[in-house]
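Trainee: Structure file final34.csv, CSV, C-alpha atoms, is pasted below:
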```csv
chain,number,residue,atom,x,y,z
A,267,VAL,CA,-77.9,147.9,177.6
A,268,TYR,CA,-79.2,146.7,181.0
A,269,LEU,CA,-82.9,147.2,181.4
A,270,GLY,CA,-83.5,145.0,184.4
A,271,ARG,CA,-85.8,142.0,184.8
A,272,GLN,CA,-88.9,142.5,182.8
A,273,LEU,CA,-87.7,146.0,182.0
A,274,VAL,CA,-88.1,147.2,185.6
A,275,SER,CA,-85.4,149.8,185.3
A,276,LEU,CA,-86.9,151.2,182.1
A,277,LYS,CA,-90.4,151.3,183.7
A,278,LEU,CA,-89.1,153.1,186.8
A,279,LEU,CA,-87.3,155.7,184.7
A,280,LEU,CA,-90.3,156.3,182.5
A,281,ALA,CA,-92.4,156.7,185.7
A,282,THR,CA,-89.9,159.2,187.0
A,283,VAL,CA,-90.1,161.2,183.8
A,284,PHE,CA,-93.9,161.1,183.9
A,285,LEU,CA,-94.0,162.3,187.5
A,286,ALA,CA,-91.5,165.0,186.8
A,287,VAL,CA,-93.7,166.3,184.0
A,288,THR,CA,-97.1,165.9,185.6
A,289,SER,CA,-96.6,166.9,189.2
A,290,PRO,CA,-96.0,170.6,188.6
A,291,LEU,CA,-98.9,170.6,186.2
A,292,VAL,CA,-101.2,168.9,188.7
A,293,GLY,CA,-100.2,171.3,191.4
A,294,HIS,CA,-100.8,174.2,189.1
A,295,LEU,CA,-104.2,172.9,188.0
A,296,LEU,CA,-105.3,172.2,191.6
A,297,ALA,CA,-104.4,175.8,192.5
A,298,ARG,CA,-106.3,177.1,189.5
A,299,ALA,CA,-109.3,175.0,190.4
A,300,ALA,CA,-109.2,176.4,193.9
A,301,LEU,CA,-109.0,179.9,192.7
A,302,GLU,CA,-111.9,179.3,190.4
A,303,SER,CA,-113.9,178.0,193.3
A,304,GLY,CA,-113.4,181.3,195.1
A,305,HIS,CA,-110.4,180.6,197.2
A,306,GLU,CA,-108.1,183.5,196.9
A,307,PRO,CA,-104.4,182.8,197.2
A,308,GLY,CA,-103.3,184.6,200.3
A,309,VAL,CA,-99.6,185.0,199.4
A,310,ILE,CA,-100.0,186.8,196.1
A,311,GLU,CA,-100.0,190.5,196.5
A,312,GLY,CA,-101.5,191.7,193.3
A,313,SER,CA,-103.9,190.3,190.8
A,314,ALA,CA,-103.8,186.9,189.5
A,315,GLU,CA,-104.0,186.5,185.8
A,316,PHE,CA,-105.1,183.4,184.2
A,317,VAL,CA,-105.3,183.3,180.5
A,318,GLY,CA,-107.3,180.9,178.6
A,319,LEU,CA,-110.3,180.1,180.8
A,320,PRO,CA,-113.3,181.2,178.9
A,321,GLY,CA,-115.7,183.3,180.8
A,322,ARG,CA,-114.1,183.4,184.1
A,323,SER,CA,-110.8,185.0,183.8
A,324,TRP,CA,-111.2,188.3,185.6
A,325,THR,CA,-110.2,187.9,189.1
A,326,THR,CA,-109.3,190.6,191.5
A,327,THR,CA,-107.9,191.3,194.9
A,328,ARG,CA,-108.4,194.0,197.4
A,329,TRP,CA,-104.8,194.9,197.1
A,330,SER,CA,-105.0,195.9,193.4
A,331,HIS,CA,-107.9,198.3,194.2
A,332,ASP,CA,-106.0,199.8,197.1
A,333,ARG,CA,-103.0,200.3,195.0
A,334,LEU,CA,-105.1,202.0,192.4
A,335,LEU,CA,-106.5,204.4,195.0
A,336,ARG,CA,-103.0,205.2,196.2
A,337,ARG,CA,-102.1,206.5,192.8
A,338,GLY,CA,-104.5,209.3,193.3
A,339,PRO,CA,-108.2,210.1,192.6
A,340,ASP,CA,-107.5,211.3,189.1
A,341,ALA,CA,-106.0,208.0,188.1
A,342,ALA,CA,-108.8,206.1,189.8
A,343,ALA,CA,-111.4,208.2,188.0
A,344,GLY,CA,-109.7,207.8,184.7
A,345,HIS,CA,-109.6,204.1,185.1
A,346,GLN,CA,-113.2,204.1,186.0
A,347,ARG,CA,-114.0,205.9,182.8
A,348,ALA,CA,-112.0,203.5,180.8
A,349,GLY,CA,-112.9,200.5,182.8
A,350,ALA,CA,-115.5,198.2,181.3
A,351,ASP,CA,-117.4,195.4,182.8
A,352,LEU,CA,-116.0,192.4,181.2
A,353,ARG,CA,-117.1,190.0,183.7
A,354,ALA,CA,-119.8,188.4,181.7
A,355,ARG,CA,-117.8,188.3,178.5
A,356,PRO,CA,-115.6,185.6,177.2
A,357,VAL,CA,-111.9,186.2,177.6
A,358,LEU,CA,-110.3,187.8,174.7
A,359,ARG,CA,-106.6,188.0,174.4
A,360,GLY,CA,-104.3,190.9,173.7
A,361,ARG,CA,-105.5,193.9,171.8
A,362,ALA,CA,-109.0,192.5,171.2
A,363,ALA,CA,-109.7,192.4,175.0
A,364,VAL,CA,-108.4,195.9,175.5
A,365,GLY,CA,-110.4,197.2,172.6
A,366,LEU,CA,-113.5,195.6,173.9
A,367,GLN,CA,-112.9,197.0,177.3
A,368,ARG,CA,-112.5,200.5,175.9
A,369,ARG,CA,-115.6,200.4,173.8
A,370,ALA,CA,-117.9,198.9,176.4
A,371,GLY,CA,-119.6,201.5,178.6
A,372,GLY,CA,-122.0,201.5,181.4
A,373,ASP,CA,-122.5,199.1,184.3
A,374,VAL,CA,-119.2,200.0,185.9
A,375,ARG,CA,-119.7,198.4,189.2
A,376,GLY,CA,-116.3,199.3,190.5
A,377,ASP,CA,-113.1,200.9,189.6
A,378,GLY,CA,-111.9,198.9,186.7
A,379,ARG,CA,-108.5,199.2,185.4
A,380,GLY,CA,-107.6,197.6,182.1
A,381,GLY,CA,-104.0,197.4,181.4
A,382,ARG,CA,-102.3,195.1,179.1
A,383,ARG,CA,-98.9,193.7,178.3
A,384,VAL,CA,-98.7,192.1,174.9
A,385,HIS,CA,-95.8,189.8,174.2
A,386,GLY,CA,-95.1,187.8,171.2
A,387,GLY,CA,-98.1,188.7,169.0
A,388,GLY,CA,-100.5,189.3,171.8
A,389,ARG,CA,-100.3,186.0,173.5
A,390,ARG,CA,-100.5,187.5,176.9
A,391,HIS,CA,-102.4,190.3,178.4
A,392,GLU,CA,-103.2,191.5,181.8
A,393,CYS,CA,-106.3,193.1,183.4
A,394,VAL,CA,-106.3,194.3,186.9
A,395,ASP,CA,-109.9,194.8,188.0
A,396,GLY,CA,-110.4,196.3,191.4
A,397,VAL,CA,-113.8,196.0,192.9
A,398,PRO,CA,-114.3,197.7,196.2
A,399,ASP,CA,-117.0,195.7,197.8
A,400,GLY,CA,-118.0,193.0,195.4
A,401,PRO,CA,-117.1,189.4,195.6
A,402,ASP,CA,-113.5,188.6,194.7
A,403,VAL,CA,-114.3,186.4,191.8
A,404,VAL,CA,-117.1,188.2,190.0
A,405,ASP,CA,-117.4,186.3,186.7
A,406,ARG,CA,-118.9,183.1,187.7
A,407,ALA,CA,-120.9,182.2,184.6
A,408,ASP,CA,-123.1,179.8,186.5
A,409,GLY,CA,-123.4,178.9,190.2
A,410,ALA,CA,-123.4,175.2,189.7
A,411,ASP,CA,-119.9,174.5,188.4
A,412,ALA,CA,-118.6,172.5,191.4
A,413,PRO,CA,-116.8,169.7,189.7
A,414,PHE,CA,-118.0,166.9,191.9
A,415,GLY,CA,-121.3,168.2,193.1
A,416,ALA,CA,-122.5,168.3,196.7
A,417,ALA,CA,-121.7,164.7,197.3
A,418,ALA,CA,-117.9,165.3,197.1
A,419,PRO,CA,-117.3,166.3,200.8
A,420,ALA,CA,-119.1,163.3,202.2
A,421,GLY,CA,-117.4,160.9,199.8
A,422,VAL,CA,-114.0,162.4,200.4
A,423,THR,CA,-114.5,162.2,204.2
A,424,ALA,CA,-115.6,158.6,204.0
A,425,GLY,CA,-112.8,157.6,201.7
A,426,THR,CA,-110.3,159.3,204.0
A,427,LEU,CA,-111.6,157.6,207.0
A,428,VAL,CA,-111.6,154.2,205.4
A,429,LEU,CA,-108.1,154.5,204.0
A,430,GLY,CA,-106.8,156.0,207.3
A,431,GLY,CA,-108.4,153.1,209.2
A,432,LEU,CA,-106.7,150.6,207.0
A,433,LEU,CA,-103.4,152.3,207.5
A,434,VAL,CA,-103.9,152.4,211.3
A,435,TYR,CA,-104.9,148.7,211.2
A,436,GLY,CA,-101.8,147.9,209.2
A,437,VAL,CA,-99.5,149.7,211.8
A,438,ALA,CA,-100.5,147.1,214.4
A,439,ALA,CA,-98.7,144.4,212.3
A,440,LEU,CA,-95.5,146.3,212.2
A,441,PRO,CA,-92.6,145.3,214.5
A,442,PRO,CA,-92.1,147.7,217.5
A,443,PHE,CA,-89.9,150.7,216.8
A,444,GLY,CA,-86.3,149.8,217.4
A,445,ASP,CA,-87.0,146.1,217.7
A,446,PRO,CA,-83.7,144.4,217.1
A,447,ALA,CA,-85.5,141.3,215.8
A,448,ALA,CA,-87.2,143.3,213.0
A,449,PRO,CA,-86.4,142.1,209.5
A,450,GLY,CA,-84.8,145.4,208.6
A,451,MET,CA,-82.4,145.1,211.6
A,452,VAL,CA,-81.7,141.4,210.9
A,453,HIS,CA,-81.2,141.4,207.2
A,454,VAL,CA,-80.5,144.9,206.0
A,455,SER,CA,-78.7,146.9,208.6
A,456,PRO,CA,-75.8,144.5,209.2
A,457,VAL,CA,-75.0,144.5,205.5
A,458,TYR,CA,-75.0,148.3,205.3
A,459,ILE,CA,-73.0,148.8,208.4
A,460,GLY,CA,-70.5,146.0,207.7
A,461,GLN,CA,-70.0,146.5,204.0
A,462,SER,CA,-70.1,150.2,203.3
A,463,VAL,CA,-66.4,150.8,203.7
A,464,ALA,CA,-65.4,147.8,201.7
A,465,ASP,CA,-68.0,148.5,199.0
A,466,MET,CA,-67.5,152.2,198.5
A,467,ALA,CA,-64.7,153.5,200.7
A,468,THR,CA,-67.2,155.6,202.6
A,469,PRO,CA,-67.0,155.6,206.4
A,470,ASN,CA,-70.2,157.6,206.7
A,471,VAL,CA,-72.9,154.9,206.5
A,472,VAL,CA,-75.6,157.4,206.2
A,473,THR,CA,-74.1,158.8,203.0
A,474,ALA,CA,-73.4,155.3,201.8
A,475,VAL,CA,-77.0,154.3,202.2
A,476,LEU,CA,-78.4,157.6,200.9
A,477,ALA,CA,-76.2,158.0,197.8
A,478,ASP,CA,-75.4,154.4,196.9
A,479,TYR,CA,-77.5,151.6,198.4
A,480,ARG,CA,-80.6,153.7,197.9
A,481,SER,CA,-79.5,156.3,195.5
A,482,PHE,CA,-82.5,155.7,193.3
A,483,ASP,CA,-84.6,156.9,196.1
A,484,THR,CA,-82.4,159.9,196.5
A,485,MET,CA,-82.7,160.7,192.8
A,486,ILE,CA,-86.5,160.7,193.0
A,487,GLU,CA,-86.4,162.7,196.2
A,488,ALA,CA,-84.3,165.5,194.5
A,489,ALA,CA,-86.7,165.3,191.5
A,490,VAL,CA,-89.6,165.7,193.8
A,491,VAL,CA,-88.0,168.8,195.4
A,492,VAL,CA,-87.5,170.4,192.0
A,493,ALA,CA,-91.0,169.4,190.8
A,494,ALA,CA,-92.5,171.0,193.9
A,495,VAL,CA,-90.6,174.2,193.2
A,496,LEU,CA,-91.7,174.2,189.6
A,497,ALA,CA,-95.3,173.9,190.9
A,498,CYS,CA,-94.7,176.8,193.2
A,499,LEU,CA,-93.4,178.9,190.4
A,500,LEU,CA,-96.4,178.1,188.2
A,501,VAL,CA,-98.8,179.0,191.1
A,502,LEU,CA,-97.0,182.1,192.3
A,503,LYS,CA,-96.0,183.6,189.0
A,504,HIS,CA,-97.4,187.0,188.5
A,505,ARG,CA,-97.7,188.6,185.1
A,506,ASP,CA,-94.6,188.8,183.1
A,507,ASP,CA,-92.9,185.7,184.3
A,508,PRO,CA,-89.9,185.1,182.1
A,509,ILE,CA,-89.6,181.5,183.2
A,510,VAL,CA,-92.7,179.8,182.0
B,288,MET,CA,-93.3,191.1,200.0
B,289,ILE,CA,-89.6,190.6,200.9
B,290,ARG,CA,-87.7,193.9,200.7
B,291,SER,CA,-84.0,194.5,200.8
B,292,PHE,CA,-82.8,196.8,203.5
B,293,ASP,CA,-79.5,198.4,204.4
B,294,SER,CA,-77.7,197.7,207.6
B,295,LEU,CA,-74.2,198.6,208.6
B,296,MET,CA,-73.6,195.3,210.3
B,297,LEU,CA,-74.9,193.2,207.4
B,298,ARG,CA,-73.0,195.3,204.9
B,299,THR,CA,-69.8,195.0,206.7
B,300,LEU,CA,-70.0,191.3,207.5
B,301,LEU,CA,-71.6,190.2,204.3
B,302,ALA,CA,-68.4,189.7,202.2
B,303,PRO,CA,-66.6,187.4,204.7
B,304,LEU,CA,-69.9,185.7,205.5
B,305,LEU,CA,-70.6,184.9,201.9
B,306,ALA,CA,-67.1,183.6,201.4
B,307,ALA,CA,-67.3,181.4,204.5
B,308,LEU,CA,-70.8,180.2,203.5
B,309,GLN,CA,-69.6,179.1,200.0
B,310,LEU,CA,-66.4,177.6,201.3
B,311,PHE,CA,-68.4,175.7,203.9
B,312,ALA,CA,-70.9,174.5,201.3
B,313,VAL,CA,-68.0,173.0,199.3
B,314,TYR,CA,-66.6,171.5,202.4
B,315,VAL,CA,-69.9,169.9,203.4
B,316,LEU,CA,-70.4,168.6,199.9
B,317,LEU,CA,-66.9,167.1,199.7
B,318,HIS,CA,-66.9,165.8,203.3
B,319,GLY,CA,-70.2,164.1,203.2
B,320,HIS,CA,-68.4,160.8,202.9
B,321,TYR,CA,-66.8,161.2,206.3
B,322,SER,CA,-69.2,163.3,208.4
B,323,PRO,CA,-72.8,164.5,208.4
B,324,GLY,CA,-73.4,166.5,205.2
B,325,GLY,CA,-73.9,166.0,201.6
B,326,GLY,CA,-75.7,167.4,198.6
B,327,PHE,CA,-78.9,168.5,200.3
B,328,VAL,CA,-77.1,170.5,203.0
B,329,ALA,CA,-74.5,171.9,200.7
B,330,GLY,CA,-77.3,173.0,198.4
B,331,ILE,CA,-79.1,174.9,201.1
B,332,LEU,CA,-75.8,176.6,202.2
B,333,PHE,CA,-75.1,177.5,198.6
B,334,ALA,CA,-78.5,179.0,198.1
B,335,ALA,CA,-78.2,180.9,201.3
B,336,SER,CA,-75.0,182.5,200.1
B,337,MET,CA,-76.9,183.8,197.1
B,338,ILE,CA,-80.1,184.8,198.9
B,339,LEU,CA,-78.4,186.8,201.7
B,340,PRO,CA,-77.0,189.5,199.5
B,341,ARG,CA,-80.3,190.0,197.9
B,342,LEU,CA,-81.7,190.9,201.3
B,343,THR,CA,-79.4,193.8,201.8
B,344,SER,CA,-79.2,196.8,199.5
B,345,GLY,CA,-75.5,197.3,200.1
B,346,ALA,CA,-74.3,194.0,199.0
B,347,PRO,CA,-70.7,193.7,197.8
B,348,ARG,CA,-70.2,193.7,194.0
B,349,GLY,CA,-68.8,190.7,192.1
B,350,ARG,CA,-70.7,188.3,194.2
B,351,LEU,CA,-72.2,185.1,192.8
B,352,SER,CA,-75.7,185.7,191.6
B,353,LEU,CA,-78.3,184.0,189.5
B,354,SER,CA,-81.4,185.2,187.8
B,355,PRO,CA,-84.8,183.5,188.5
B,356,ARG,CA,-84.5,181.8,185.2
B,357,GLY,CA,-81.0,180.7,185.9
B,358,ALA,CA,-82.0,179.3,189.3
B,359,ALA,CA,-84.7,177.2,187.7
B,360,ILE,CA,-82.3,176.0,185.0
B,361,MET,CA,-79.7,175.1,187.6
B,362,ALA,CA,-82.2,173.0,189.5
B,363,ALA,CA,-83.2,171.2,186.4
B,364,LEU,CA,-79.6,170.7,185.4
B,365,GLY,CA,-78.9,169.1,188.7
B,366,ILE,CA,-81.6,166.5,188.3
B,367,LEU,CA,-80.4,166.0,184.7
B,368,PHE,CA,-76.8,165.4,185.9
B,369,PHE,CA,-78.0,162.9,188.5
B,370,ALA,CA,-80.2,161.1,186.0
B,371,ALA,CA,-77.3,161.0,183.5
B,372,ILE,CA,-75.1,159.3,186.0
B,373,ALA,CA,-78.0,156.9,186.8
B,374,VAL,CA,-78.4,155.9,183.2
B,375,ALA,CA,-74.8,155.8,182.2
B,376,PRO,CA,-74.1,152.3,183.7
B,377,MET,CA,-77.2,150.9,181.9
B,378,LEU,CA,-75.6,151.8,178.6
B,379,VAL,CA,-72.7,149.3,179.2
B,380,GLY,CA,-75.0,146.6,180.5
B,381,HIS,CA,-75.1,147.2,184.3
B,382,ALA,CA,-77.7,148.2,186.8
B,383,PRO,CA,-78.6,151.9,187.0
B,384,LEU,CA,-76.6,153.9,189.5
B,385,ASP,CA,-73.9,151.2,189.6
B,386,TYR,CA,-71.0,153.6,189.9
B,387,ALA,CA,-68.4,150.7,189.8
B,388,VAL,CA,-68.5,150.6,186.1
B,389,LEU,CA,-67.9,154.3,185.6
B,390,PRO,CA,-64.3,155.2,184.6
B,391,ILE,CA,-63.7,157.5,187.6
B,392,GLY,CA,-61.3,155.5,189.8
B,393,ALA,CA,-58.8,152.8,190.2
B,394,GLU,CA,-60.8,150.2,192.0
B,395,PRO,CA,-64.5,149.5,192.4
B,396,ALA,CA,-64.8,151.0,196.0
B,397,LEU,CA,-63.1,154.2,194.9
B,398,ARG,CA,-65.2,154.4,191.8
B,399,ARG,CA,-68.3,154.1,193.9
B,400,SER,CA,-67.0,156.7,196.2
B,401,MET,CA,-66.5,159.1,193.3
B,402,GLY,CA,-69.9,158.2,192.0
B,403,ILE,CA,-71.4,159.2,195.3
B,404,LEU,CA,-69.6,162.5,195.1
B,405,LEU,CA,-70.9,163.1,191.5
B,406,ILE,CA,-74.5,162.5,192.4
B,407,GLU,CA,-74.1,164.7,195.4
B,408,VAL,CA,-73.0,167.5,193.1
B,409,GLY,CA,-76.2,167.0,191.1
B,410,VAL,CA,-78.2,167.1,194.3
B,411,THR,CA,-76.4,170.3,195.4
B,412,LEU,CA,-77.3,172.0,192.1
B,413,ALA,CA,-80.9,170.9,192.3
B,414,VAL,CA,-81.4,171.9,195.9
B,415,ALA,CA,-79.7,175.3,195.5
B,416,GLY,CA,-81.7,176.1,192.4
B,417,ALA,CA,-84.9,175.0,194.1
B,418,MET,CA,-84.3,177.1,197.2
B,419,LEU,CA,-83.3,180.2,195.1
B,420,SER,CA,-86.5,179.7,193.0
B,421,ILE,CA,-88.6,179.6,196.1
B,422,PHE,CA,-87.0,182.8,197.3
B,423,TYR,CA,-87.6,184.5,194.0
B,424,ALA,CA,-91.1,183.3,193.8
B,425,LEU,CA,-92.0,184.5,197.3
B,426,SER,CA,-90.1,187.8,197.0
B,427,GLY,CA,-91.9,188.8,193.8
B,428,ALA,CA,-88.8,188.9,191.6
B,429,ILE,CA,-90.6,186.7,189.2
B,430,GLY,CA,-93.5,189.0,189.0
B,431,GLY,CA,-91.1,191.8,188.2
B,432,GLU,CA,-93.0,194.3,190.3
B,433,GLU,CA,-92.0,195.9,193.5
```
Would you mind writing the file out in structure tokens?
Mentor:
Amino acid sequence: VYLGRQLVSLKLLLATVFLAVTSPLVGHLLARAALESGHEPGVIEGSAEFVGLPGRSWTTTRWSHDRLLRRGPDAAAGHQRAGADLRARPVLRGRAAVGLQRRAGGDVRGDGRGGRRVHGGGRRHECVDGVPDGPDVVDRADGADAPFGAAAPAGVTAGTLVLGGLLVYGVAALPPFGDPAAPGMVHVSPVYIGQSVADMATPNVVTAVLADYRSFDTMIEAAVVVAAVLACLLVLKHRDDPIV
Amino acid sequence: MIRSFDSLMLRTLLAPLLAALQLFAVYVLLHGHYSPGGGFVAGILFAASMILPRLTSGAPRGRLSLSPRGAAIMAALGILFFAAIAVAPMLVGHAPLDYAVLPIGAEPALRRSMGILLIEVGVTLAVAGAMLSIFYALSGAIGGEE
């Protein structure tokens, strides 16, 4: 088994697996953090459901309220009777949440609609909570849950400027674009252009480079595409997503 | 929300269009060695041939179709296929992605040529599955409502 000098191949493959697993997760977590901070996803029509965040799970959108109203005043009133203000309560799952919602009375600040869909022993549930004129995220347990505090924007800006300045500074040392004396043109391109047919019977040099000389890069590229799509699925999934 | 709609033009032209799209996808995939093309482009064309009928309500029956779950699985399988071809040479003591040691041709150059084709197939599956998944996610098919 070939593992490369100092196990380079093995390390690269392990890094690939790690990235393939983590990048959708990180994308999902970033989106969830943004939602918790009060940024509504603009593309989702309907309510977002996030299970497992104690105390701050009930989010809403204007759309769900409008949809509720379109079903008629009776439905809206019925939902208002059944609706409970769960905003300050911890998240319960499945039947417990619905029972709590049914029992709780008073303090109905809006038209609440408690629905549920229980799968596999009550692992999932859903609650669409339409609030006409309240804030979109209404269950902030405390106001000071910004993860990095107020210093974050200044620090991020400064860090971005420093890193960007370093990159711009580094560009000055690069050879001019298209320079025939650049190392890539002198040492790499002639081999690719001259050897591709003999090496792999492929007249299209672009394909030869893409799929053979630098096929490891292509593999990671394709993996990145799929990872990004998985992140999209996790972020955009609605309620009864059969995939995840 | 992406909704399907009915259109006489689309309905009439869809069947030949889909056939042409899929044939062209295979051509682009196989002809990537000699002309611009390859797995990424073929994957996009392949996905387009499956997305288009979902946009019209009068789509021809018997067409190729995939569920949202199937699309995600196809994307993952494409990457897995690619990775398997990458790892296979390592098992017999060569560098990863060294197609010359794979038993798929008479001489090293031809074996590498076939290896390129194989990984392009993996890329095609991955890209097509990815594009389909994006379509399903944005069209709400995953949410299962409207």
Trainee: List as an NGL selection string the protein and nucleic acid residues near segment 362-367 of chain B, meaning an atom at most 9 Å away when only C-alpha atoms are counted, but skip any in the same chain fewer than 6 places from it.
Mentor: (:A and (485-486 or 488-489 or 492)) or (:B and (406 or 408-418 or 420))
Trainee: How would the residues just picked look written out with C-alpha atoms as a PDB file, in the frame of the given file?
Mentor:
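So out_32.pdb came out as:
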```pdb
ATOM      1  CA  MET A 485     -82.700 160.700 192.800  1.00  0.00           C
ATOM      2  CA  ILE A 486     -86.500 160.700 193.000  1.00  0.00           C
ATOM      3  CA  ALA A 488     -84.300 165.500 194.500  1.00  0.00           C
ATOM      4  CA  ALA A 489     -86.700 165.300 191.500  1.00  0.00           C
ATOM      5  CA  VAL A 492     -87.500 170.400 192.000  1.00  0.00           C
TER       6      VAL A 492
ATOM      7  CA  ILE B 406     -74.500 162.500 192.400  1.00  0.00           C
ATOM      8  CA  VAL B 408     -73.000 167.500 193.100  1.00  0.00           C
ATOM      9  CA  GLY B 409     -76.200 167.000 191.100  1.00  0.00           C
ATOM     10  CA  VAL B 410     -78.200 167.100 194.300  1.00  0.00           C
ATOM     11  CA  THR B 411     -76.400 170.300 195.400  1.00  0.00           C
ATOM     12  CA  LEU B 412     -77.300 172.000 192.100  1.00  0.00           C
ATOM     13  CA  ALA B 413     -80.900 170.900 192.300  1.00  0.00           C
ATOM     14  CA  VAL B 414     -81.400 171.900 195.900  1.00  0.00           C
ATOM     15  CA  ALA B 415     -79.700 175.300 195.500  1.00  0.00           C
ATOM     16  CA  GLY B 416     -81.700 176.100 192.400  1.00  0.00           C
ATOM     17  CA  ALA B 417     -84.900 175.000 194.100  1.00  0.00           C
ATOM     18  CA  MET B 418     -84.300 177.100 197.200  1.00  0.00           C
ATOM     19  CA  SER B 420     -86.500 179.700 193.000  1.00  0.00           C
TER      20      SER B 420
END
```
Trainee: Would you kindly identify which residues have an atom no farther than 12 Å from (-67.0, 152.0, 209.7), using all atoms listed in the file and the file's own coordinates, and write them out as a list in words?
Mentor: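 Here is the list of nearby residues: Pro456, Val457, Tyr458, Ile459, Gly460, Gln461, Ser462, Val463, Ala464, Asp465, Met466, Ala467, Thr468, Pro469, Asn470, Val471, Val472, Thr473 and Ala474 of chain A; His320, Tyr321 and Ser322 of chain B.
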Trainee: In Å to one decimal, how far is atom CA of Glu487 of chain A from atom CA of Gly326 of chain B?
Mentor: 11.9 Å
Trainee: Quick one: pull the distance between atom CA of Leu433 of chain A and atom CA of Pro290 of chain A, Å, one decimal.
Mentor: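 These atoms are spaced 27.3 Å apart.
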Trainee: Between B:Gly392, B:Ala307, B:Gly325, B:Ser352, which one has atoms that come closest to chain A, using all atoms listed in the file?
Mentor: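 Checking each of B:Gly392, B:Ala307, B:Gly325, B:Ser352 against chain A, counting all atoms listed in the file, the winner is B:Gly325.
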Trainee: In Å, with one decimal, what is the gap from atom CA of Glu302 of chain A to atom CA of Leu500 of chain A?
Mentor: 15.7 Å
Trainee: Go through B:Ala382, B:Ile391, B:Leu305, B:Leu295 one by one, measure the shortest atom-to-atom distance of each to Leu339 of chain B using all atoms listed in the file, and give the residue with the smallest value.
Mentor: B:Leu305
Trainee: For segment 331-363 of chain B, write C-alpha atoms out as a compact mmCIF listing (two decimals), in the first residue's frame.
Mentor:
```txt
# COMPACT_ATOMS: atom_id res chain seq x y z
CA ILE B 331 -25.22 20.12 -15.60
CA LEU B 332 -26.84 18.93 -18.82
CA PHE B 333 -27.99 15.73 -17.20
CA ALA B 334 -29.52 17.63 -14.31
CA ALA B 335 -31.20 20.04 -16.70
CA SER B 336 -32.84 17.13 -18.48
CA MET B 337 -34.38 16.06 -15.19
CA ILE B 338 -35.30 19.53 -13.94
CA LEU B 339 -37.02 20.70 -17.10
CA PRO B 340 -39.92 18.21 -17.02
CA ARG B 341 -40.59 19.18 -13.43
CA LEU B 342 -41.26 22.72 -14.57
CA THR B 343 -44.06 21.73 -16.85
CA SER B 344 -47.18 19.96 -15.73
CA GLY B 345 -47.64 18.13 -19.01
CA ALA B 346 -44.34 16.32 -18.99
CA PRO B 347 -44.08 13.09 -20.96
CA ARG B 348 -44.33 9.90 -18.97
CA GLY B 349 -41.54 7.41 -18.71
CA ARG B 350 -38.94 10.09 -18.37
CA LEU B 351 -35.91 9.84 -16.17
CA SER B 352 -36.64 11.13 -12.71
CA LEU B 353 -35.15 11.12 -9.27
CA SER B 354 -36.56 11.84 -5.86
CA PRO B 355 -34.87 14.42 -3.63
CA ARG B 356 -33.35 11.64 -1.63
CA GLY B 357 -32.21 9.92 -4.79
CA ALA B 358 -30.54 13.09 -6.03
CA ALA B 359 -28.57 13.50 -2.82
CA ILE B 360 -27.58 9.86 -2.87
CA MET B 361 -26.48 10.13 -6.49
CA ALA B 362 -24.26 13.12 -5.65
CA ALA B 363 -22.68 11.25 -2.78
```
